[in-house]
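Data from final_12.pdb: PDB, C-alpha atoms and all ligand atoms
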ATOM      1  CA  MET A1215      -1.464   6.460 -36.415  1.00  0.00           C
ATOM      2  CA  ALA A1216       2.241   7.288 -36.852  1.00  0.00           C
ATOM      3  CA  THR A1217       4.463   5.413 -34.386  1.00  0.00           C
ATOM      4  CA  SER A1218       6.206   8.657 -33.332  1.00  0.00           C
ATOM      5  CA  ASP A1219       2.891   9.912 -31.901  1.00  0.00           C
ATOM      6  CA  ILE A1220       2.592   6.969 -29.499  1.00  0.00           C
ATOM      7  CA  LYS A1221       5.286   6.102 -26.992  1.00  0.00           C
ATOM      8  CA  LEU A1222       5.102   3.635 -24.144  1.00  0.00           C
ATOM      9  CA  ILE A1223       7.486   4.056 -21.212  1.00  0.00           C
ATOM     10  CA  GLY A1224       7.853   0.630 -19.656  1.00  0.00           C
ATOM     11  CA  MET A1225       9.804  -2.398 -18.566  1.00  0.00           C
ATOM     12  CA  ARG A1226       9.081  -5.665 -20.357  1.00  0.00           C
ATOM     13  CA  PRO A1227       8.696  -7.867 -17.242  1.00  0.00           C
ATOM     14  CA  SER A1228       6.134  -5.485 -15.694  1.00  0.00           C
ATOM     15  CA  PRO A1229       2.619  -6.964 -15.732  1.00  0.00           C
ATOM     16  CA  TYR A1230       1.157  -3.440 -15.704  1.00  0.00           C
ATOM     17  CA  VAL A1231       3.186  -2.521 -18.782  1.00  0.00           C
ATOM     18  CA  ASN A1232       2.129  -5.786 -20.449  1.00  0.00           C
ATOM     19  CA  ARG A1233      -1.505  -4.746 -19.966  1.00  0.00           C
ATOM     20  CA  VAL A1234      -0.955  -1.698 -22.136  1.00  0.00           C
ATOM     21  CA  GLN A1235       1.030  -3.721 -24.679  1.00  0.00           C
ATOM     22  CA  TYR A1236      -1.843  -6.236 -24.922  1.00  0.00           C
ATOM     23  CA  ALA A1237      -4.415  -3.465 -25.431  1.00  0.00           C
ATOM     24  CA  LEU A1238      -2.306  -1.743 -28.121  1.00  0.00           C
ATOM     25  CA  GLY A1239      -1.715  -5.131 -29.758  1.00  0.00           C
ATOM     26  CA  MET A1240      -5.433  -5.988 -29.763  1.00  0.00           C
ATOM     27  CA  LYS A1241      -6.111  -2.667 -31.528  1.00  0.00           C
ATOM     28  CA  SER A1242      -3.148  -3.161 -33.926  1.00  0.00           C
ATOM     29  CA  ILE A1243      -1.626   0.173 -32.878  1.00  0.00           C
ATOM     30  CA  ASP A1244       2.092   0.725 -33.576  1.00  0.00           C
ATOM     31  CA  TYR A1245       4.101   2.440 -30.865  1.00  0.00           C
ATOM     32  CA  GLU A1246       7.610   3.156 -29.740  1.00  0.00           C
ATOM     33  CA  PHE A1247       8.704   1.286 -26.598  1.00  0.00           C
ATOM     34  CA  LEU A1248      10.923   3.359 -24.297  1.00  0.00           C
ATOM     35  CA  GLU A1249      12.561   0.851 -21.957  1.00  0.00           C
ATOM     36  CA  GLU A1250      13.307   2.007 -18.403  1.00  0.00           C
ATOM     37  CA  LYS A1251      16.411   0.590 -16.750  1.00  0.00           C
ATOM     38  CA  PHE A1252      15.746  -1.667 -13.748  1.00  0.00           C
ATOM     39  CA  GLY A1253      16.538   0.245 -10.538  1.00  0.00           C
ATOM     40  CA  SER A1254      16.603   3.740 -12.024  1.00  0.00           C
ATOM     41  CA  LYS A1255      14.079   6.245 -13.367  1.00  0.00           C
ATOM     42  CA  SER A1256      14.567   8.323 -16.493  1.00  0.00           C
ATOM     43  CA  GLU A1257      13.942  12.085 -16.565  1.00  0.00           C
ATOM     44  CA  LEU A1258      11.141  11.404 -19.048  1.00  0.00           C
ATOM     45  CA  LEU A1259       9.418   9.003 -16.625  1.00  0.00           C
ATOM     46  CA  ILE A1260       9.689  11.451 -13.718  1.00  0.00           C
ATOM     47  CA  GLN A1261       8.347  14.288 -15.857  1.00  0.00           C
ATOM     48  CA  SER A1262       5.560  12.148 -17.338  1.00  0.00           C
ATOM     49  CA  ASN A1263       4.394  10.533 -14.090  1.00  0.00           C
ATOM     50  CA  PRO A1264       5.495  12.968 -11.361  1.00  0.00           C
ATOM     51  CA  ILE A1265       2.937  11.647  -8.846  1.00  0.00           C
ATOM     52  CA  HIS A1266       3.827   7.923  -8.805  1.00  0.00           C
ATOM     53  CA  LYS A1267       7.002   7.814 -10.972  1.00  0.00           C
ATOM     54  CA  LYS A1268       5.938   4.332 -12.122  1.00  0.00           C
ATOM     55  CA  VAL A1269       5.614   2.552 -15.446  1.00  0.00           C
ATOM     56  CA  PRO A1270       3.608   2.257 -17.629  1.00  0.00           C
ATOM     57  CA  VAL A1271       3.117   5.725 -19.059  1.00  0.00           C
ATOM     58  CA  LEU A1272       1.579   6.104 -22.486  1.00  0.00           C
ATOM     59  CA  ILE A1273       2.572   9.289 -24.267  1.00  0.00           C
ATOM     60  CA  HIS A1274       0.089  10.062 -26.994  1.00  0.00           C
ATOM     61  CA  ALA A1275       0.599  13.179 -29.108  1.00  0.00           C
ATOM     62  CA  HIS A1276       3.017  14.471 -26.396  1.00  0.00           C
ATOM     63  CA  LYS A1277       0.432  14.006 -23.603  1.00  0.00           C
ATOM     64  CA  PRO A1278       1.170  11.468 -20.833  1.00  0.00           C
ATOM     65  CA  ILE A1279      -1.455   9.060 -19.467  1.00  0.00           C
ATOM     66  CA  CYS A1280      -0.622   7.069 -16.309  1.00  0.00           C
ATOM     67  CA  GLU A1281      -2.000   3.957 -14.539  1.00  0.00           C
ATOM     68  CA  SER A1282      -2.345   0.792 -16.602  1.00  0.00           C
ATOM     69  CA  LEU A1283      -6.109   0.297 -16.319  1.00  0.00           C
ATOM     70  CA  ILE A1284      -6.767   3.949 -17.133  1.00  0.00           C
ATOM     71  CA  ILE A1285      -4.467   3.651 -20.151  1.00  0.00           C
ATOM     72  CA  VAL A1286      -6.307   0.510 -21.347  1.00  0.00           C
ATOM     73  CA  GLN A1287      -9.622   2.385 -21.103  1.00  0.00           C
ATOM     74  CA  TYR A1288      -8.118   5.381 -22.954  1.00  0.00           C
ATOM     75  CA  ILE A1289      -6.914   3.101 -25.763  1.00  0.00           C
ATOM     76  CA  ASP A1290     -10.349   1.502 -26.032  1.00  0.00           C
ATOM     77  CA  GLU A1291     -12.177   4.836 -26.075  1.00  0.00           C
ATOM     78  CA  LEU A1292      -9.821   6.468 -28.568  1.00  0.00           C
ATOM     79  CA  TRP A1293      -9.253   3.721 -31.134  1.00  0.00           C
ATOM     80  CA  THR A1294     -12.805   2.517 -31.608  1.00  0.00           C
ATOM     81  CA  SER A1295     -12.156   0.874 -34.980  1.00  0.00           C
ATOM     82  CA  GLY A1296     -10.422  -2.175 -33.446  1.00  0.00           C
ATOM     83  CA  PRO A1297     -12.157  -4.827 -31.311  1.00  0.00           C
ATOM     84  CA  SER A1298     -13.911  -3.451 -28.233  1.00  0.00           C
ATOM     85  CA  ILE A1299     -11.974  -4.067 -24.995  1.00  0.00           C
ATOM     86  CA  LEU A1300     -14.496  -2.961 -22.374  1.00  0.00           C
ATOM     87  CA  PRO A1301     -17.936  -4.594 -22.396  1.00  0.00           C
ATOM     88  CA  THR A1302     -20.512  -2.495 -24.250  1.00  0.00           C
ATOM     89  CA  ASP A1303     -23.243  -3.124 -21.667  1.00  0.00           C
ATOM     90  CA  PRO A1304     -22.916  -0.620 -18.740  1.00  0.00           C
ATOM     91  CA  TYR A1305     -23.631  -3.276 -16.077  1.00  0.00           C
ATOM     92  CA  ASP A1306     -21.092  -5.720 -17.553  1.00  0.00           C
ATOM     93  CA  ARG A1307     -18.619  -2.812 -17.753  1.00  0.00           C
ATOM     94  CA  ALA A1308     -19.167  -1.987 -14.069  1.00  0.00           C
ATOM     95  CA  ILE A1309     -18.660  -5.638 -13.070  1.00  0.00           C
ATOM     96  CA  ALA A1310     -15.475  -5.905 -15.153  1.00  0.00           C
ATOM     97  CA  ARG A1311     -14.125  -2.748 -13.451  1.00  0.00           C
ATOM     98  CA  PHE A1312     -15.064  -4.145 -10.024  1.00  0.00           C
ATOM     99  CA  TRP A1313     -13.068  -7.345 -10.565  1.00  0.00           C
ATOM    100  CA  ALA A1314     -10.133  -5.490 -12.110  1.00  0.00           C
ATOM    101  CA  ALA A1315      -9.955  -3.338  -8.950  1.00  0.00           C
ATOM    102  CA  TYR A1316     -10.198  -6.494  -6.792  1.00  0.00           C
ATOM    103  CA  ILE A1317      -7.290  -8.054  -8.696  1.00  0.00           C
ATOM    104  CA  ASP A1318      -5.104  -4.975  -8.252  1.00  0.00           C
ATOM    105  CA  ASP A1319      -6.065  -4.143  -4.668  1.00  0.00           C
ATOM    106  CA  LYS A1320      -6.397  -7.629  -3.139  1.00  0.00           C
ATOM    107  CA  TRP A1321      -5.426 -10.599  -5.267  1.00  0.00           C
ATOM    108  CA  TYR A1322      -2.119  -9.603  -6.825  1.00  0.00           C
ATOM    109  CA  PRO A1323      -0.798  -8.113  -3.548  1.00  0.00           C
ATOM    110  CA  SER A1324      -1.419 -11.519  -1.908  1.00  0.00           C
ATOM    111  CA  LEU A1325       0.534 -13.300  -4.674  1.00  0.00           C
ATOM    112  CA  LYS A1326       3.381 -10.802  -4.244  1.00  0.00           C
ATOM    113  CA  GLN A1327       3.275 -11.254  -0.465  1.00  0.00           C
ATOM    114  CA  PHE A1328       3.484 -15.031  -0.893  1.00  0.00           C
ATOM    115  CA  ARG A1329       6.513 -14.678  -3.189  1.00  0.00           C
ATOM    116  CA  MET A1330       8.286 -12.249  -0.874  1.00  0.00           C
ATOM    117  CA  ALA A1331       7.231 -13.780   2.493  1.00  0.00           C
ATOM    118  CA  LYS A1332      10.054 -14.033   5.012  1.00  0.00           C
ATOM    119  CA  GLY A1333       8.520 -16.497   7.461  1.00  0.00           C
ATOM    120  CA  GLU A1334       6.388 -19.680   7.200  1.00  0.00           C
ATOM    121  CA  GLU A1335       3.385 -18.091   8.918  1.00  0.00           C
ATOM    122  CA  GLU A1336       3.317 -15.152   6.501  1.00  0.00           C
ATOM    123  CA  LYS A1337       3.727 -17.556   3.585  1.00  0.00           C
ATOM    124  CA  LEU A1338       0.816 -19.759   4.706  1.00  0.00           C
ATOM    125  CA  ALA A1339      -1.533 -16.814   5.229  1.00  0.00           C
ATOM    126  CA  ALA A1340      -0.606 -15.382   1.820  1.00  0.00           C
ATOM    127  CA  VAL A1341      -1.054 -18.667  -0.060  1.00  0.00           C
ATOM    128  CA  GLU A1342      -4.502 -19.075   1.498  1.00  0.00           C
ATOM    129  CA  ALA A1343      -5.408 -15.548   0.354  1.00  0.00           C
ATOM    130  CA  VAL A1344      -4.141 -16.310  -3.182  1.00  0.00           C
ATOM    131  CA  LYS A1345      -6.257 -19.479  -3.366  1.00  0.00           C
ATOM    132  CA  GLU A1346      -9.364 -17.785  -1.939  1.00  0.00           C
ATOM    133  CA  GLY A1347      -8.959 -15.044  -4.544  1.00  0.00           C
ATOM    134  CA  LEU A1348      -8.622 -17.578  -7.340  1.00  0.00           C
ATOM    135  CA  ALA A1349     -11.823 -19.300  -6.185  1.00  0.00           C
ATOM    136  CA  LEU A1350     -13.652 -15.952  -6.339  1.00  0.00           C
ATOM    137  CA  LEU A1351     -12.215 -15.257  -9.782  1.00  0.00           C
ATOM    138  CA  GLU A1352     -13.250 -18.745 -10.966  1.00  0.00           C
ATOM    139  CA  ASP A1353     -16.811 -17.843 -10.013  1.00  0.00           C
ATOM    140  CA  ALA A1354     -16.487 -14.409 -11.633  1.00  0.00           C
ATOM    141  CA  PHE A1355     -15.266 -16.088 -14.835  1.00  0.00           C
ATOM    142  CA  VAL A1356     -18.341 -18.344 -14.999  1.00  0.00           C
ATOM    143  CA  LYS A1357     -20.637 -15.318 -14.576  1.00  0.00           C
ATOM    144  CA  CYS A1358     -18.796 -12.837 -16.831  1.00  0.00           C
ATOM    145  CA  SER A1359     -17.958 -15.203 -19.700  1.00  0.00           C
ATOM    146  CA  LYS A1360     -21.572 -16.455 -20.010  1.00  0.00           C
ATOM    147  CA  GLY A1361     -20.323 -19.780 -21.372  1.00  0.00           C
ATOM    148  CA  LYS A1362     -17.827 -18.217 -23.792  1.00  0.00           C
ATOM    149  CA  SER A1363     -14.028 -18.474 -23.923  1.00  0.00           C
ATOM    150  CA  PHE A1364     -12.994 -15.274 -22.163  1.00  0.00           C
ATOM    151  CA  PHE A1365     -14.165 -12.975 -19.366  1.00  0.00           C
ATOM    152  CA  GLY A1366     -14.957 -10.584 -22.247  1.00  0.00           C
ATOM    153  CA  GLY A1367     -16.947 -13.193 -24.234  1.00  0.00           C
ATOM    154  CA  ASP A1368     -15.688 -14.504 -27.576  1.00  0.00           C
ATOM    155  CA  SER A1369     -12.512 -12.417 -27.502  1.00  0.00           C
ATOM    156  CA  ILE A1370     -10.038 -11.008 -24.987  1.00  0.00           C
ATOM    157  CA  GLY A1371     -11.523  -8.055 -23.106  1.00  0.00           C
ATOM    158  CA  TYR A1372     -10.773  -5.702 -20.230  1.00  0.00           C
ATOM    159  CA  LEU A1373     -10.877  -8.249 -17.414  1.00  0.00           C
ATOM    160  CA  ASP A1374      -8.891 -10.779 -19.446  1.00  0.00           C
ATOM    161  CA  ILE A1375      -6.155  -8.157 -19.827  1.00  0.00           C
ATOM    162  CA  ALA A1376      -6.425  -6.997 -16.192  1.00  0.00           C
ATOM    163  CA  PHE A1377      -6.023 -10.540 -14.820  1.00  0.00           C
ATOM    164  CA  GLY A1378      -4.138 -12.221 -17.661  1.00  0.00           C
ATOM    165  CA  CYS A1379      -1.190  -9.838 -17.323  1.00  0.00           C
ATOM    166  CA  PHE A1380      -0.367 -11.579 -14.017  1.00  0.00           C
ATOM    167  CA  LEU A1381      -0.317 -15.132 -15.425  1.00  0.00           C
ATOM    168  CA  GLY A1382       3.432 -15.015 -16.114  1.00  0.00           C
ATOM    169  CA  TRP A1383       4.105 -13.998 -12.504  1.00  0.00           C
ATOM    170  CA  LEU A1384       1.652 -16.629 -11.259  1.00  0.00           C
ATOM    171  CA  LYS A1385       3.545 -19.340 -13.197  1.00  0.00           C
ATOM    172  CA  ALA A1386       6.893 -18.011 -11.933  1.00  0.00           C
ATOM    173  CA  THR A1387       5.607 -18.077  -8.342  1.00  0.00           C
ATOM    174  CA  GLU A1388       4.360 -21.662  -8.804  1.00  0.00           C
ATOM    175  CA  LYS A1389       7.771 -22.663 -10.127  1.00  0.00           C
ATOM    176  CA  LEU A1390       9.661 -20.966  -7.301  1.00  0.00           C
ATOM    177  CA  ALA A1391       7.440 -22.465  -4.600  1.00  0.00           C
ATOM    178  CA  ASP A1392       7.067 -25.813  -6.404  1.00  0.00           C
ATOM    179  CA  LEU A1393       3.291 -25.872  -6.000  1.00  0.00           C
ATOM    180  CA  LYS A1394       0.187 -25.473  -8.168  1.00  0.00           C
ATOM    181  CA  LEU A1395      -1.984 -22.435  -7.505  1.00  0.00           C
ATOM    182  CA  LEU A1396      -4.098 -22.550 -10.651  1.00  0.00           C
ATOM    183  CA  ASP A1397      -5.396 -26.073 -10.326  1.00  0.00           C
ATOM    184  CA  LYS A1398      -7.742 -28.194 -12.483  1.00  0.00           C
ATOM    185  CA  THR A1399      -9.722 -29.454  -9.496  1.00  0.00           C
ATOM    186  CA  THR A1400     -10.330 -26.105  -7.758  1.00  0.00           C
ATOM    187  CA  THR A1401     -10.296 -23.655 -10.689  1.00  0.00           C
ATOM    188  CA  PRO A1402     -11.138 -25.698 -13.822  1.00  0.00           C
ATOM    189  CA  HIS A1403     -12.492 -22.789 -15.877  1.00  0.00           C
ATOM    190  CA  LEU A1404      -9.536 -20.527 -15.052  1.00  0.00           C
ATOM    191  CA  VAL A1405      -7.065 -23.256 -16.082  1.00  0.00           C
ATOM    192  CA  VAL A1406      -8.633 -23.494 -19.552  1.00  0.00           C
ATOM    193  CA  TRP A1407      -8.999 -19.701 -19.788  1.00  0.00           C
ATOM    194  CA  ALA A1408      -5.320 -19.190 -18.860  1.00  0.00           C
ATOM    195  CA  GLU A1409      -4.201 -21.622 -21.574  1.00  0.00           C
ATOM    196  CA  ARG A1410      -6.353 -19.806 -24.141  1.00  0.00           C
ATOM    197  CA  PHE A1411      -5.156 -16.366 -23.026  1.00  0.00           C
ATOM    198  CA  CYS A1412      -1.462 -17.320 -23.158  1.00  0.00           C
ATOM    199  CA  ALA A1413      -1.906 -18.915 -26.609  1.00  0.00           C
ATOM    200  CA  ASP A1414      -3.401 -15.752 -28.129  1.00  0.00           C
ATOM    201  CA  GLY A1415      -1.312 -14.355 -31.008  1.00  0.00           C
ATOM    202  CA  VAL A1416      -0.879 -10.908 -29.428  1.00  0.00           C
ATOM    203  CA  VAL A1417      -0.309 -12.174 -25.881  1.00  0.00           C
ATOM    204  CA  LYS A1418       2.272 -14.871 -26.622  1.00  0.00           C
ATOM    205  CA  ASP A1419       4.665 -12.401 -28.275  1.00  0.00           C
ATOM    206  CA  ILE A1420       4.516 -10.041 -25.291  1.00  0.00           C
ATOM    207  CA  MET A1421       4.180 -12.188 -22.162  1.00  0.00           C
ATOM    208  CA  PRO A1422       7.598 -12.519 -20.508  1.00  0.00           C
ATOM    209  CA  LYS A1423       9.071 -16.043 -20.300  1.00  0.00           C
ATOM    210  CA  THR A1424       8.447 -17.792 -16.966  1.00  0.00           C
ATOM    211  CA  GLU A1425      12.202 -18.511 -16.577  1.00  0.00           C
ATOM    212  CA  THR A1426      12.997 -14.776 -16.947  1.00  0.00           C
ATOM    213  CA  LEU A1427      10.435 -13.907 -14.275  1.00  0.00           C
ATOM    214  CA  VAL A1428      11.793 -16.632 -11.963  1.00  0.00           C
ATOM    215  CA  GLU A1429      15.261 -15.072 -12.223  1.00  0.00           C
ATOM    216  CA  ILE A1430      13.891 -11.572 -11.576  1.00  0.00           C
ATOM    217  CA  ALA A1431      11.869 -12.865  -8.611  1.00  0.00           C
ATOM    218  CA  LYS A1432      15.017 -14.422  -7.127  1.00  0.00           C
ATOM    219  CA  ILE A1433      16.854 -11.096  -7.422  1.00  0.00           C
ATOM    220  CA  LEU A1434      13.930  -9.229  -5.803  1.00  0.00           C
ATOM    221  CA  GLN A1435      13.671 -11.831  -3.006  1.00  0.00           C
ATOM    222  CA  ALA A1436      17.409 -11.607  -2.337  1.00  0.00           C
ATOM    223  CA  LYS A1437      17.256  -7.796  -2.324  1.00  0.00           C
ATOM    224  CA  ALA A1438      14.375  -7.862   0.172  1.00  0.00           C
ATOM    225  CA  ARG A1439      16.272 -10.319   2.375  1.00  0.00           C
ATOM    226  CA  GLY A1440      19.576  -8.476   1.963  1.00  0.00           C
ATOM    227  CA  SER A1441      21.368 -11.547   0.539  1.00  0.00           C
ATOM    228  CA  ASN A1442      22.926 -12.804  -2.728  1.00  0.00           C
ATOM    229  CA  PRO A1443      20.443 -14.573  -5.126  1.00  0.00           C
ATOM    230  CA  ASN A1444      22.894 -17.405  -5.874  1.00  0.00           C
TER     231      ASN A1444
HETATM  232  N1  LIG B   1      -1.060   0.944 -10.318  1.00  0.00           N
HETATM  233  C1  LIG B   1       0.016   1.055 -11.261  1.00  0.00           C
HETATM  234  C2  LIG B   1       1.140   0.141 -10.825  1.00  0.00           C
HETATM  235  C3  LIG B   1       2.381   0.339 -11.680  1.00  0.00           C
HETATM  236  C4  LIG B   1       3.620  -0.274 -11.038  1.00  0.00           C
HETATM  237  O1  LIG B   1       3.599  -0.717  -9.877  1.00  0.00           O
HETATM  238  N2  LIG B   1       4.723  -0.279 -11.790  1.00  0.00           N
HETATM  239  C5  LIG B   1       5.986  -0.779 -11.272  1.00  0.00           C
HETATM  240  C6  LIG B   1       6.614  -1.744 -12.265  1.00  0.00           C
HETATM  241  S1  LIG B   1       5.789  -3.310 -12.218  1.00  0.00           S
HETATM  242  C7  LIG B   1       6.950   0.382 -11.105  1.00  0.00           C
HETATM  243  O2  LIG B   1       7.043   1.262 -11.923  1.00  0.00           O
HETATM  244  N3  LIG B   1       7.704   0.348  -9.997  1.00  0.00           N
HETATM  245  C8  LIG B   1       8.720   1.330  -9.732  1.00  0.00           C
HETATM  246  C9  LIG B   1       8.588   1.893  -8.352  1.00  0.00           C
HETATM  247  O3  LIG B   1       7.739   1.419  -7.571  1.00  0.00           O
HETATM  248  O4  LIG B   1       9.336   2.810  -8.047  1.00  0.00           O
HETATM  249  C10 LIG B   1      -0.493   0.729 -12.661  1.00  0.00           C
HETATM  250  O5  LIG B   1      -1.473  -0.028 -12.758  1.00  0.00           O
HETATM  251  O6  LIG B   1       0.050   1.252 -13.645  1.00  0.00           O
END

For this file, write the structure as structure tokens.
Ligand SMILES: N[C@@H](CCC(=O)N[C@@H](CS)C(=O)NCC(=O)O)C(=O)O
Amino acid sequence: MATSDIKLIGMRPSPYVNRVQYALGMKSIDYEFLEEKFGSKSELLIQSNPIHKKVPVLIHAHKPICESLIIVQYIDELWTSGPSILPTDPYDRAIARFWAAYIDDKWYPSLKQFRMAKGEEEKLAAVEAVKEGLALLEDAFVKCSKGKSFFGGDSIGYLDIAFGCFLGWLKATEKLADLKLLDKTTTPHLVVWAERFCADGVVKDIMPKTETLVEIAKILQAKARGSNPN
């Protein structure tokens, strides 16, 4: 597929954008990356995603597709020649979609809340929610992976992409708070899975550096608190 037919509007530190990059990478699809500037929205973004005005947007053959998980499914359904991203079994597919929705609706918001918390009480409640979520995802990993390396089995699949895209932000949050959230004693399978995911050839070239995310997090925290990051 010619690169000019496939454009991705995004920002490199965005975990949702990274999801789409991982899926395109897994399928070996070339694309043009249209970088949005932090703090502003291009005309193209507003026209392509008028409802949410958020990245990522995939523009394929001049048609926009919005929402990262929907884009990942589109990529998988359209480019069937590459490795399959969603499980082929309908039940496994339903379970993968369930956990992806849990990650987006519950788990990641708690990590974000922990990072942005203003008071100690809010911070404590959020860190508990993050850890509870990780325990549930540890259990989900054991069931979904069926003894293999990834949620998707022998190779990176839908749930690996849905959850793995947040590993950079998880590491940055650990660094900022100086504590371990993904821990060998409480989430042993997830620790090994995370190492494997981050070491993947496609993932390691795309995943933003932890130090970059730490700096961005400091700017966002300062903005939320109305102060200077330094
Ligand atoms: N549910 C969306 C979330 C996308 C999202 O939150 N994108 C952020 C970047 S990480 C964004 O564009 N934020 C700009 C804004 O909220 O105005 C998806 O999965 O694509």

May I have the residues within 12 Å of Ile1243 of chain A as a ChimeraX atom specification, using all atoms listed in the file and disregarding those fewer than 3 positions away in the same chain?
-> /A:1215-1222,1234-1240,1246,1274,1289-1290,1292-1297,1416

Report as a list in words the full result of the PyMOL selection byres (((chain A and resi 1390) around 10) and not hetatm) when it is applied to this structure.
->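 Selected by the PyMOL selection byres (((chain A and resi 1390) around 10) and not hetatm) here: Arg1329, Leu1384, Lys1385, Ala1386, Thr1387, Glu1388, Lys1389, Ala1391, Asp1392, Leu1393, Glu1425, Leu1427, Val1428, Glu1429, Ala1431 and Lys1432 of chain A.
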
Test item: residues no farther than 9 Å from ligand LIG 1 (chain B), counting all atoms listed in the file, as a list in words |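 Selection of residues at most 9 Å from ligand LIG 1 (chain B): Gly1224, Met1225, Pro1227, Ser1228, Pro1229, Tyr1230, Val1231, Arg1233, Phe1252, Gly1253, Ser1254, Lys1255, His1266, Lys1267, Lys1268, Val1269, Pro1270, Val1271, Cys1280, Glu1281, Ser1282, Leu1283, Ile1284, Ile1285 and Asp1318 of chain A.
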
Using the selection just defined, write its residues with C-alpha atoms as a JSON list (two decimals), in the coordinates of the input.
[["chain", "number", "residue", "atom", "x", "y", "z"],
["A", 1224, "GLY", "CA", 7.85, 0.63, -19.66],
["A", 1225, "MET", "CA", 9.80, -2.40, -18.57],
["A", 1227, "PRO", "CA", 8.70, -7.87, -17.24],
["A", 1228, "SER", "CA", 6.13, -5.48, -15.69],
["A", 1229, "PRO", "CA", 2.62, -6.96, -15.73],
["A", 1230, "TYR", "CA", 1.16, -3.44, -15.70],
["A", 1231, "VAL", "CA", 3.19, -2.52, -18.78],
["A", 1233, "ARG", "CA", -1.50, -4.75, -19.97],
["A", 1252, "PHE", "CA", 15.75, -1.67, -13.75],
["A", 1253, "GLY", "CA", 16.54, 0.24, -10.54],
["A", 1254, "SER", "CA", 16.60, 3.74, -12.02],
["A", 1255, "LYS", "CA", 14.08, 6.24, -13.37],
["A", 1266, "HIS", "CA", 3.83, 7.92, -8.80],
["A", 1267, "LYS", "CA", 7.00, 7.81, -10.97],
["A", 1268, "LYS", "CA", 5.94, 4.33, -12.12],
["A", 1269, "VAL", "CA", 5.61, 2.55, -15.45],
["A", 1270, "PRO", "CA", 3.61, 2.26, -17.63],
["A", 1271, "VAL", "CA", 3.12, 5.72, -19.06],
["A", 1280, "CYS", "CA", -0.62, 7.07, -16.31],
["A", 1281, "GLU", "CA", -2.00, 3.96, -14.54],
["A", 1282, "SER", "CA", -2.35, 0.79, -16.60],
["A", 1283, "LEU", "CA", -6.11, 0.30, -16.32],
["A", 1284, "ILE", "CA", -6.77, 3.95, -17.13],
["A", 1285, "ILE", "CA", -4.47, 3.65, -20.15],
["A", 1318, "ASP", "CA", -5.10, -4.97, -8.25]]

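Atom CA of Ala1376 of chain A is positioned 16.5 Å from atom CA of Val1356 of chain A.
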
For Asp1374 of chain A, which of A:Lys1423, A:Arg1410, A:Lys1418, A:Lys1241 is the closest residue, counting only C-alpha atoms?
->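 Closest residue, counting only C-alpha atoms: A:Arg1410.
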
Could you please determine the separation between atom CA of Gly1440 of chain A and atom CA of Trp1383 of chain A in Å, to one decimal place?
->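 Atom CA of Trp1383 of chain A lies 21.9 Å from atom CA of Gly1440 of chain A.
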
Could you please determine the separation between atom CA of Leu1434 of chain A and atom CA of Gly1382 of chain A in Å, to one decimal place?
->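 According to the coordinates, atom CA of Leu1434 of chain A and atom CA of Gly1382 of chain A are separated by 15.8 Å.
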
Give as a ChimeraX atom specification each residue that has an atom at most 7 Å from (1.7, -12.3, -0.1) in the file, counting only C-alpha atoms.
-> /A:1323-1331,1337,1340-1341

Which residues fall under the PyMOL selection byres (((chain A and resi 1377) around 10) and not hetatm) in this file, as an NGL selection string?
-> :A and (1229 or 1233 or 1313-1314 or 1316-1318 or 1321-1322 or 1351 or 1365 or 1372-1376 or 1378-1381 or 1408)

For this file, the PyMOL selection byres (((chain A and resi 1355) around 12) and not hetatm) selects which residues, as a PyMOL selection string?
-> chain A and resi 1309-1310+1313+1348-1354+1356-1367+1373-1374+1377+1401-1408

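If you measure from each of A:Asp1244, A:Ile1279, A:Leu1338, A:Thr1302 to Ile1265 of chain A using only C-alpha atoms, the closest one turns out to be A:Ile1279.
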
Can you work out which one of A:Ser1256, A:Lys1345, A:Ala1275, A:Gly1371 has the shortest atom-to-atom distance to Arg1307 of chain A, counting all atoms listed in the file?
-> A:Gly1371
